[in-house]
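Raw target.txt, compact mmCIF, C-alpha atoms:
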# COMPACT_ATOMS: atom_id res chain seq x y z
CA MET A 4 19.35 11.17 -5.61
CA ILE A 5 16.00 10.61 -3.91
CA ILE A 6 15.85 6.82 -4.31
CA GLN A 7 19.14 5.24 -3.35
CA SER A 8 18.07 1.62 -2.94
CA LEU A 9 15.55 -0.64 -4.66
CA LEU A 10 14.54 -1.73 -1.16
CA ASP A 11 13.19 1.79 -0.63
CA THR A 12 9.66 0.59 -1.31
CA ASP A 13 6.83 -1.21 0.48
CA LEU A 14 7.14 -4.85 1.46
CA TYR A 15 3.90 -5.81 -0.25
CA LYS A 16 5.52 -5.02 -3.60
CA PHE A 17 7.96 -7.88 -3.02
CA SER A 18 5.35 -10.29 -1.66
CA MET A 19 3.15 -9.62 -4.72
CA MET A 20 6.16 -9.75 -7.04
CA GLN A 21 7.04 -13.24 -5.81
CA VAL A 22 3.48 -14.39 -6.61
CA VAL A 23 3.84 -12.85 -10.08
CA LEU A 24 7.12 -14.70 -10.67
CA HIS A 25 5.66 -18.06 -9.67
CA HIS A 26 2.12 -17.77 -11.07
CA PHE A 27 1.83 -14.96 -13.65
CA PRO A 28 5.30 -14.37 -15.16
CA ALA A 29 3.94 -13.47 -18.62
CA ALA A 30 1.32 -10.93 -17.47
CA GLN A 31 1.46 -7.53 -19.19
CA VAL A 32 0.15 -4.48 -17.31
CA GLU A 33 -0.37 -0.75 -17.48
CA TYR A 34 -0.26 1.73 -14.59
CA ARG A 35 -1.37 5.33 -14.66
CA PHE A 36 -0.53 8.27 -12.37
CA GLN A 37 -3.21 10.59 -11.02
CA CYS A 38 -2.95 13.80 -9.00
CA ARG A 39 -6.13 14.51 -7.02
CA THR A 40 -4.90 17.80 -5.51
CA PRO A 41 -6.32 20.83 -7.34
CA ASN A 42 -4.23 23.80 -8.50
CA VAL A 43 -0.95 21.88 -8.61
CA ASP A 44 1.30 22.12 -11.68
CA LEU A 45 3.89 19.37 -11.63
CA SER A 46 4.91 19.99 -15.25
CA VAL A 47 7.35 22.70 -14.15
CA HIS A 48 9.34 19.96 -12.40
CA ILE A 49 9.26 17.44 -15.22
CA ASP A 50 12.98 17.58 -16.07
CA GLU A 51 13.93 17.03 -12.45
CA ILE A 52 11.50 14.11 -12.17
CA GLN A 53 12.87 12.61 -15.40
CA ALA A 54 16.42 12.77 -14.04
CA GLU A 55 15.36 11.04 -10.83
CA ILE A 56 13.62 8.29 -12.83
CA ASP A 57 16.79 7.86 -14.92
CA ALA A 58 18.78 7.32 -11.73
CA LEU A 59 16.13 4.94 -10.33
CA CYS A 60 16.44 2.74 -13.41
CA GLU A 61 20.21 2.48 -12.91
CA LEU A 62 19.86 0.92 -9.45
CA ARG A 63 20.57 -2.75 -8.75
CA PHE A 64 20.18 -4.79 -5.57
CA THR A 65 23.41 -5.14 -3.60
CA GLU A 66 24.52 -8.43 -2.11
CA ASP A 67 23.72 -7.14 1.38
CA GLU A 68 20.22 -6.15 0.28
CA LEU A 69 19.63 -9.53 -1.33
CA ALA A 70 20.82 -11.28 1.83
CA TYR A 71 18.41 -9.18 3.91
CA ILE A 72 15.35 -9.86 1.80
CA GLY A 73 16.32 -13.51 1.38
CA ALA A 74 16.32 -13.92 5.16
CA LEU A 75 12.62 -13.04 5.38
CA ARG A 76 10.82 -16.28 6.22
CA PHE A 77 8.37 -16.16 3.29
CA ILE A 78 10.87 -15.24 0.55
CA LYS A 79 12.06 -18.11 -1.67
CA SER A 80 15.53 -18.56 -3.04
CA ASP A 81 14.58 -18.45 -6.73
CA PHE A 82 12.96 -15.07 -6.18
CA VAL A 83 16.17 -13.76 -4.60
CA ASP A 84 18.09 -15.10 -7.61
CA PHE A 85 15.73 -13.19 -9.89
CA LEU A 86 16.18 -9.98 -7.89
CA GLY A 87 19.93 -10.39 -8.32
CA LEU A 88 19.40 -9.82 -12.07
CA PHE A 89 16.67 -7.19 -11.74
CA HIS A 90 16.54 -3.54 -12.72
CA LEU A 91 13.63 -1.26 -13.55
CA PRO A 92 13.36 -0.88 -17.37
CA ARG A 93 13.48 2.80 -18.37
CA LYS A 94 11.70 2.08 -21.66
CA CYS A 95 8.57 1.02 -19.76
CA ILE A 96 7.86 4.41 -18.14
CA GLU A 97 6.81 7.60 -19.92
CA ILE A 98 6.54 11.03 -18.29
CA VAL A 99 5.13 13.97 -20.26
CA ALA A 100 3.42 17.28 -19.62
CA SER A 101 -0.36 16.96 -19.76
CA ASP A 102 -3.61 18.90 -19.58
CA ALA A 103 -4.78 16.53 -16.84
CA GLN A 104 -5.06 17.74 -13.25
CA GLY A 105 -1.53 18.05 -11.91
CA GLY A 106 -0.10 18.99 -15.30
CA ILE A 107 1.78 15.74 -15.79
CA SER A 108 1.09 12.28 -17.21
CA ILE A 109 3.03 9.25 -16.02
CA SER A 110 2.30 5.84 -17.48
CA VAL A 111 4.03 2.50 -17.05
CA LYS A 112 3.52 -0.31 -19.57
CA GLY A 113 5.25 -3.67 -19.72
CA PRO A 114 5.66 -7.05 -18.04
CA TRP A 115 4.12 -7.02 -14.55
CA LEU A 116 7.14 -8.83 -13.19
CA HIS A 117 9.48 -6.09 -14.41
CA THR A 118 7.31 -3.02 -13.72
CA ILE A 119 5.70 -3.79 -10.34
CA LEU A 120 8.40 -1.93 -8.42
CA PHE A 121 7.86 1.41 -10.22
CA GLU A 122 4.83 2.67 -8.29
CA ILE A 123 6.15 3.49 -4.82
CA PRO A 124 9.50 5.10 -5.75
CA VAL A 125 7.89 7.10 -8.56
CA LEU A 126 5.31 8.55 -6.17
CA ALA A 127 8.04 9.25 -3.60
CA ILE A 128 10.08 11.02 -6.28
CA VAL A 129 7.17 13.22 -7.42
CA ASN A 130 6.40 14.12 -3.80
CA GLU A 131 9.93 15.01 -2.83
CA VAL A 132 10.64 16.99 -6.00
CA TYR A 133 7.41 18.95 -5.48
CA PHE A 134 8.15 19.76 -1.83
CA ARG A 135 11.76 20.72 -2.58
CA HIS A 136 10.28 23.68 -4.45
CA ALA A 137 7.06 24.23 -2.47
CA SER A 138 9.01 24.30 0.82
CA PRO A 139 12.73 24.87 0.17
CA THR A 140 13.32 25.66 3.87
CA PRO A 141 11.11 23.22 5.81
CA ASP A 142 10.74 23.45 9.57
CA PRO A 143 11.76 20.03 10.93
CA GLU A 144 11.19 21.18 14.50
CA GLU A 145 7.52 21.77 13.69
CA GLY A 146 7.39 18.24 12.29
CA ARG A 147 9.03 16.86 15.43
CA ARG A 148 6.59 18.75 17.63
CA ARG A 149 3.60 17.39 15.74
CA LEU A 150 4.99 13.86 15.86
CA ARG A 151 5.66 14.04 19.61
CA GLU A 152 2.07 15.20 20.17
CA LYS A 153 0.78 12.13 18.33
CA ILE A 154 3.03 9.79 20.26
CA ASP A 155 1.98 11.38 23.55
CA LEU A 156 -1.69 10.73 22.71
CA VAL A 157 -0.90 7.01 22.93
CA LEU A 158 1.62 7.06 25.77
CA ASN A 159 -0.60 9.16 28.01
CA GLU A 160 -3.63 6.90 27.68
CA PRO A 161 -3.38 3.88 30.02
CA GLU A 162 -6.24 2.18 28.16
CA MET A 163 -4.09 2.18 25.00
CA ALA A 164 -1.71 -0.47 26.33
CA ALA A 165 -2.58 -2.75 23.40
CA PHE A 166 -2.35 0.01 20.76
CA ARG A 167 -0.13 -1.06 17.84
CA VAL A 168 0.88 1.15 14.93
CA ALA A 169 3.09 0.72 11.86
CA GLU A 170 4.46 3.42 9.56
CA TYR A 171 3.03 3.17 6.01
CA GLY A 172 4.09 6.51 4.55
CA THR A 173 6.68 5.92 1.81
CA ARG A 174 4.66 6.99 -1.22
CA ARG A 175 3.61 10.42 0.09
CA ARG A 176 6.51 11.27 2.36
CA PHE A 177 7.88 14.80 2.53
CA SER A 178 11.39 13.49 1.86
CA ARG A 179 13.52 10.41 2.32
CA GLN A 180 15.53 12.18 5.04
CA TRP A 181 12.40 13.17 7.00
CA HIS A 182 11.01 9.64 6.59
CA GLY A 183 14.11 8.28 8.30
CA GLU A 184 13.79 10.73 11.17
CA VAL A 185 10.14 9.79 11.70
CA VAL A 186 11.03 6.10 11.90
CA ARG A 187 13.86 6.83 14.36
CA MET A 188 11.54 8.83 16.62
CA LEU A 189 8.79 6.20 16.52
CA LYS A 190 11.27 3.47 17.39
CA SER A 191 12.90 5.40 20.24
CA LEU A 192 9.75 6.90 21.81
CA MET A 193 6.88 4.49 21.23
CA GLY A 194 8.41 1.23 22.46
CA GLU A 195 6.17 -1.78 21.93
CA HIS A 196 3.40 0.40 20.50
CA PHE A 197 5.49 0.75 17.30
CA VAL A 198 5.48 -2.57 15.46
CA GLY A 199 7.28 -1.80 12.20
CA THR A 200 7.24 -0.13 8.80
CA SER A 201 6.04 -0.99 5.33
CA ASN A 202 9.35 0.28 3.91
CA VAL A 203 11.90 -2.52 3.51
CA ASP A 204 14.95 -0.25 3.40
CA MET A 205 13.87 1.61 6.55
CA ALA A 206 13.24 -1.72 8.28
CA ARG A 207 16.72 -2.93 7.34
CA ARG A 208 18.49 0.27 8.37
CA HIS A 209 16.68 0.68 11.70
CA GLY A 210 16.43 -2.96 12.77
CA ILE A 211 12.62 -3.09 12.80
CA THR A 212 10.05 -5.38 11.21
CA PRO A 213 8.96 -4.88 7.57
CA LEU A 214 5.18 -5.30 7.23
CA GLY A 215 2.73 -5.86 4.38
CA THR A 216 0.91 -8.51 2.37
CA MET A 217 -1.12 -7.64 -0.76
CA GLY A 218 -2.21 -4.46 -2.53
CA HIS A 219 -5.14 -3.53 -4.73
CA GLU A 220 -3.25 -4.17 -7.96
CA TYR A 221 -2.97 -7.88 -7.13
CA LEU A 222 -6.73 -8.40 -6.90
CA GLN A 223 -7.29 -6.07 -9.85
CA ALA A 224 -4.91 -8.06 -12.08
CA CYS A 225 -6.76 -11.25 -11.20
CA GLN A 226 -9.79 -9.77 -13.00
CA ALA A 227 -7.86 -10.52 -16.20
CA LEU A 228 -5.83 -13.52 -15.02
CA GLY A 229 -8.51 -15.63 -13.33
CA PRO A 230 -10.86 -18.08 -15.02
CA ARG A 231 -14.01 -15.95 -14.61
CA LEU A 232 -14.54 -12.35 -13.55
CA ARG A 233 -17.07 -13.18 -10.83
CA ASP A 234 -14.57 -15.60 -9.28
CA SER A 235 -11.55 -13.28 -9.54
CA GLN A 236 -11.51 -12.34 -5.84
CA VAL A 237 -11.70 -15.99 -4.77
CA PHE A 238 -9.04 -16.86 -7.36
CA ALA A 239 -6.74 -14.14 -5.98
CA LEU A 240 -7.12 -15.31 -2.38
CA GLU A 241 -6.66 -18.98 -3.29
CA THR A 242 -3.55 -18.24 -5.35
CA TRP A 243 -2.13 -16.20 -2.46
CA ALA A 244 -2.76 -19.08 -0.05
CA LYS A 245 -1.13 -21.50 -2.47
CA GLU A 246 2.00 -19.35 -2.59
CA TYR A 247 2.33 -18.54 1.11
CA ARG A 248 0.69 -21.54 2.78
CA GLY A 249 -0.86 -19.54 5.60
CA ASP A 250 1.85 -16.89 5.93
CA LEU A 251 1.17 -13.21 5.08
CA GLY A 252 -2.46 -13.79 5.94
CA ILE A 253 -4.06 -10.32 5.92
CA ALA A 254 -6.64 -10.07 3.13
CA LEU A 255 -7.44 -6.75 1.47
CA SER A 256 -11.17 -6.17 1.63
CA ASP A 257 -12.12 -3.22 -0.57
CA VAL A 258 -11.32 -3.89 -4.22
CA TYR A 259 -15.00 -4.63 -4.88
CA GLY A 260 -16.45 -3.12 -1.72
CA LEU A 261 -17.20 -4.80 1.57
CA ASP A 262 -20.44 -6.51 0.50
CA ALA A 263 -18.69 -8.39 -2.30
CA PHE A 264 -15.73 -9.21 -0.07
CA LEU A 265 -17.92 -10.77 2.62
CA ARG A 266 -19.79 -12.83 0.03
CA ASP A 267 -16.49 -14.36 -1.12
CA PHE A 268 -14.72 -14.48 2.25
CA ASP A 269 -16.44 -17.67 3.38
CA MET A 270 -15.73 -19.92 6.36
CA TYR A 271 -12.70 -21.43 4.61
CA PHE A 272 -11.06 -18.03 4.13
CA CYS A 273 -12.18 -16.85 7.58
CA LYS A 274 -10.25 -19.71 9.13
CA LEU A 275 -7.32 -19.67 6.70
CA PHE A 276 -6.44 -15.96 6.72
CA ASP A 277 -5.16 -14.19 9.83
CA GLY A 278 -7.39 -11.18 9.30
CA ALA A 279 -8.37 -8.39 6.93
CA ARG A 280 -7.30 -4.83 6.07
CA HIS A 281 -9.57 -1.78 5.88
CA ASP A 282 -8.62 0.81 3.26
CA SER A 283 -11.83 2.68 2.37
CA GLY A 284 -15.27 3.48 3.73
CA ASP A 285 -16.39 3.98 7.33
CA PRO A 286 -13.90 2.12 9.58
CA PHE A 287 -16.43 1.61 12.37
CA VAL A 288 -19.05 0.09 10.07
CA TRP A 289 -16.33 -2.06 8.48
CA GLY A 290 -15.07 -3.34 11.84
CA GLU A 291 -18.54 -4.19 13.12
CA ARG A 292 -19.42 -6.04 9.94
CA ILE A 293 -16.14 -7.99 9.81
CA ILE A 294 -16.51 -9.09 13.44
CA ALA A 295 -20.14 -10.09 12.84
CA HIS A 296 -19.04 -12.02 9.75
CA TYR A 297 -16.44 -13.97 11.73
CA ASN A 298 -19.00 -14.79 14.39
CA ALA A 299 -21.52 -15.94 11.77
CA ASN A 300 -18.86 -18.28 10.38
CA ARG A 301 -18.10 -19.75 13.82
CA VAL A 302 -14.71 -18.04 14.05
CA ASP A 303 -13.66 -16.21 17.22
CA ALA A 304 -12.92 -12.67 16.04
CA ARG A 305 -10.63 -12.19 19.05
CA THR A 306 -8.14 -14.52 17.31
CA LYS A 307 -8.13 -12.42 14.13
CA THR A 308 -6.34 -9.18 13.23
CA LEU A 309 -8.12 -6.15 11.81
CA VAL A 310 -5.68 -3.74 10.16
CA PHE A 311 -6.89 -0.17 9.60
CA SER A 312 -4.94 1.87 7.04
CA ASP A 313 -7.26 4.40 5.38
CA ALA A 314 -6.15 8.05 5.77
CA LEU A 315 -5.64 7.60 9.49
CA THR A 316 -4.75 10.18 12.09
CA PHE A 317 -3.77 9.28 15.63
CA PRO A 318 -7.02 10.57 17.20
CA LEU A 319 -9.07 8.52 14.74
CA ALA A 320 -6.93 5.43 15.33
CA ILE A 321 -7.37 5.78 19.09
CA GLU A 322 -11.14 6.11 18.64
CA ILE A 323 -11.17 2.95 16.51
CA ALA A 324 -9.04 1.14 19.09
CA ARG A 325 -11.49 2.04 21.85
CA ARG A 326 -14.41 0.69 19.82
CA PHE A 327 -12.88 -2.70 19.01
CA GLN A 328 -10.47 -3.29 21.89
CA GLY A 329 -10.95 -6.82 23.24
CA ARG A 330 -13.20 -7.81 20.35
CA ALA A 331 -10.38 -8.49 17.85
CA ARG A 332 -6.66 -7.91 17.47
CA ILE A 333 -6.37 -4.36 16.20
CA SER A 334 -3.46 -2.81 14.31
CA PHE A 335 -2.98 0.46 12.44
CA GLY A 336 -0.96 1.51 9.42
CA ILE A 337 -0.53 5.28 9.32
CA GLY A 338 1.10 6.87 6.30
CA THR A 339 0.90 10.51 5.22
CA ASN A 340 -0.06 11.74 8.68
CA LEU A 341 3.31 10.46 9.90
CA THR A 342 5.70 11.10 7.02
CA ASN A 343 4.30 14.33 5.59
CA ASP A 344 3.00 16.42 8.47
CA LEU A 345 5.24 19.47 8.76
CA GLY A 346 2.48 22.05 8.43
CA LEU A 347 2.11 21.86 4.63
CA GLN A 348 -0.73 20.42 2.55
CA PRO A 349 0.27 16.91 1.35
CA LEU A 350 -0.25 15.95 -2.28
CA GLN A 351 -3.00 13.45 -3.05
CA ILE A 352 -1.30 11.39 -5.74
CA VAL A 353 -1.75 7.76 -6.72
CA MET A 354 -0.47 5.38 -9.38
CA LYS A 355 -2.87 2.54 -10.13
CA MET A 356 -3.00 -0.44 -12.45
CA VAL A 357 -5.59 0.24 -15.18
CA ARG A 358 -5.00 -2.70 -17.56
CA CYS A 359 -3.74 -6.27 -17.43
CA ASN A 360 -3.12 -8.34 -20.55
CA GLY A 361 -4.82 -5.62 -22.57
CA GLN A 362 -8.04 -5.79 -20.54
CA PRO A 363 -9.31 -2.96 -18.32
CA VAL A 364 -9.14 -3.62 -14.57
CA ALA A 365 -10.63 -1.54 -11.79
CA LYS A 366 -10.92 -1.01 -8.08
CA VAL A 367 -14.47 -0.30 -6.90
CA SER A 368 -13.91 0.64 -3.29
CA ASP A 369 -16.28 1.73 -0.53
CA ALA A 370 -15.08 5.30 -1.15
CA PRO A 371 -16.36 6.38 -4.62
CA GLU A 372 -13.57 8.93 -5.11
CA LYS A 373 -11.02 6.09 -4.98
CA THR A 374 -12.55 4.27 -7.95
CA MET A 375 -10.14 4.43 -10.90
CA CYS A 376 -10.84 2.94 -14.33
CA ASP A 377 -10.33 4.25 -17.89
CA ASP A 378 -13.21 2.25 -19.37
CA PRO A 379 -16.71 3.24 -18.16
CA ALA A 380 -18.32 0.28 -19.92
CA TYR A 381 -16.04 -2.19 -18.12
CA LEU A 382 -16.65 -0.46 -14.79
CA ALA A 383 -20.42 -0.76 -15.31
CA TYR A 384 -20.01 -4.44 -16.21
CA LEU A 385 -17.85 -5.05 -13.13
CA ARG A 386 -20.50 -3.47 -10.92
CA GLN A 387 -23.14 -5.68 -12.48
CA VAL A 388 -21.11 -8.89 -12.09
CA PHE A 389 -20.42 -8.21 -8.41
CA ASP A 390 -23.93 -6.91 -7.74
CA LEU A 391 -22.66 -3.45 -6.81
CA PRO A 392 -24.72 -0.23 -6.95
CA PRO A 393 -24.31 1.94 -10.07
CA THR A 394 -21.65 4.63 -10.17
CA PRO A 395 -22.81 7.57 -7.99

Using the file provided, produce a representation of the structure as structure tokens.
Amino acid sequence: MIIQSLLDTDLYKFSMMQVVLHHFPAAQVEYRFQCRTPNVDLSVHIDEIQAEIDALCELRFTEDELAYIGALRFIKSDFVDFLGLFHLPRKCIEIVASDAQGGISISVKGPWLHTILFEIPVLAIVNEVYFRHASPTPDPEEGRRRLREKIDLVLNEPEMAAFRVAEYGTRRRFSRQWHGEVVRMLKSLMGEHFVGTSNVDMARRHGITPLGTMGHEYLQACQALGPRLRDSQVFALETWAKEYRGDLGIALSDVYGLDAFLRDFDMYFCKLFDGARHDSGDPFVWGERIIAHYNANRVDARTKTLVFSDALTFPLAIEIARRFQGRARISFGIGTNLTNDLGLQPLQIVMKMVRCNGQPVAKVSDAPEKTMCDDPAYLAYLRQVFDLPPTP
């Protein structure tokens, strides 16, 4: 089967899940799948996808897997005990043919604590099933050639000595097998330039560092879980700090757009968090504004980490590194361009939280096409509360 371990997901799912266990164990959520690639009909693969989901929901954590995740410095023993009892509940996920773009509807409804691990493996399953049929005889040598070219771009540039990249490509990978080969090549060829992977199972198998902190769903859920909508971003960051006490200190900056983030990310958060992550909008504008914000709050930006992770390619990452080198600690998370670049067009698929405790939640990023909400009235209200421009 495609997913053979519950660790075959991104680390930030576990770091968020631990916060949910300790702070929001009763939260109820809903996620919805979306395919943004035109002229794709996934409905013809629905039976195969259903079978893979059935197998996913049969998986349990092994003792070795629990020991691995329990050894991570920020993971607490009660969370490991909970994972020892955990499985993904099949009754919480529904997959049907649909008239929506992509031809398929996938929805997840249930307790946040028990459904948070669906997103990444479900997307990986849809991707791999699709490419099994779209490219039944892939050309791995073409993939290796493309990957070597990217690696050489870094290795052949002496000024890129401080370049650091992590692999973030689980959800849109071509296949689990190819994902493993990419990680092996990065580890063997890139040396200290390769700092780790978001995938916990790949990190365990290849002896590299698992990386990640928080995702959009965490800040979105806090729209319903916090005391007041306007304070939801501050509430999310304060709750995170309460759980991790300074560890896992990269804040996600684009759930309400950069303007709103900077208004809330005051001197306290500037000093408390290790840095911030860019995931939408112009990366150069974002970097300049974040560095200026640190300076305005009497924080030396050179001590902080800026993580860039929005649809990156190696040439773009190198260009960003040149701009900000020496002005801050710069790191890159590259996903699809690493794990699904064999000469085929990758799928643009996402699975986002749309409700928490029965209330709509939304991400209003610096890239309008990434905004996802099923309630236009709530989205308009959210924009008003955070003083954001109207929907384009």

Each residue of segment 73-173 of chain A with at least one atom at most 9 Å from segment 16-19 of chain A should appear once, together with its nearest atom pair and the corresponding distance in Å (one decimal); atoms considered: only C-alpha atoms; ordering: chain, then increasing residue number; output as JSON lines.
{"residue": "A:Phe77", "atom": "CA", "partner": "A:Ser18", "partner_atom": "CA", "distance": 8.3}
{"residue": "A:Ile78", "atom": "CA", "partner": "A:Ser18", "partner_atom": "CA", "distance": 7.7}
{"residue": "A:Ile119", "atom": "CA", "partner": "A:Lys16", "partner_atom": "CA", "distance": 6.9}
{"residue": "A:Leu120", "atom": "CA", "partner": "A:Lys16", "partner_atom": "CA", "distance": 6.4}
{"residue": "A:Ile123", "atom": "CA", "partner": "A:Lys16", "partner_atom": "CA", "distance": 8.6}

Pick the closest to Arg148 of chain A from A:Asp57, A:Asp390, A:Ala74, A:Gly346: which is it, counting only C-alpha atoms? A:Gly346

Residues of segment 71-167 of chain A that have any atom at most 10 Å from an atom of segment 321-324 of chain A: could you tabulate them with the shortest-distance atom pair and the distance in Å to one decimal, using only C-alpha atoms, ordered by chain and increasing number, as a Markdown table?
| residue | atom | partner | partner_atom | distance |
| --- | --- | --- | --- | --- |
| A:Leu156 | CA | A:Ile321 | CA | 8.4 |
| A:Val157 | CA | A:Ile321 | CA | 7.6 |
| A:Glu160 | CA | A:Ile321 | CA | 9.4 |
| A:Glu162 | CA | A:Ala324 | CA | 9.5 |
| A:Met163 | CA | A:Ile321 | CA | 7.7 |
| A:Ala165 | CA | A:Ala324 | CA | 8.7 |
| A:Phe166 | CA | A:Ala324 | CA | 7.0 |
| A:Arg167 | CA | A:Ala324 | CA | 9.3 |

Which residues are close to Glu291 of chain A, i.e. within 12 Å by all atoms listed in the file, leaving aside same-chain residues fewer than 2 positions away? Reply as a PyMOL selection string. chain A and resi 261+281+285-289+293-298+304+309+323+326-328+330-331

Please list as a list in words every residue within 10 Å of Trp115 of chain A, counting only C-alpha atoms and excluding residues in the same chain fewer than 3 positions away.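 Within the cut-off, the hits are Met20, Val23, Leu24, Phe27, Pro28, Ala29, Ala30, Gln31, Val32, Glu33, Tyr34, Val111, Lys112, Thr118, Ile119, Leu120, Ala224, Met356, Cys359 and Asn360 of chain A.
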
Within 9 Å of segment 92-105 of chain A, counting all atoms listed in the file, which residues qualify if same-chain residues fewer than 3 places away don't, as a PyMOL selection string? chain A and resi 37-47+49+52-53+56-57+59-61+108-114+117-118+121

Distance atom CA of Phe177 of chain A-atom CA of Lys153 of chain A, one decimal place? 17.5 Å
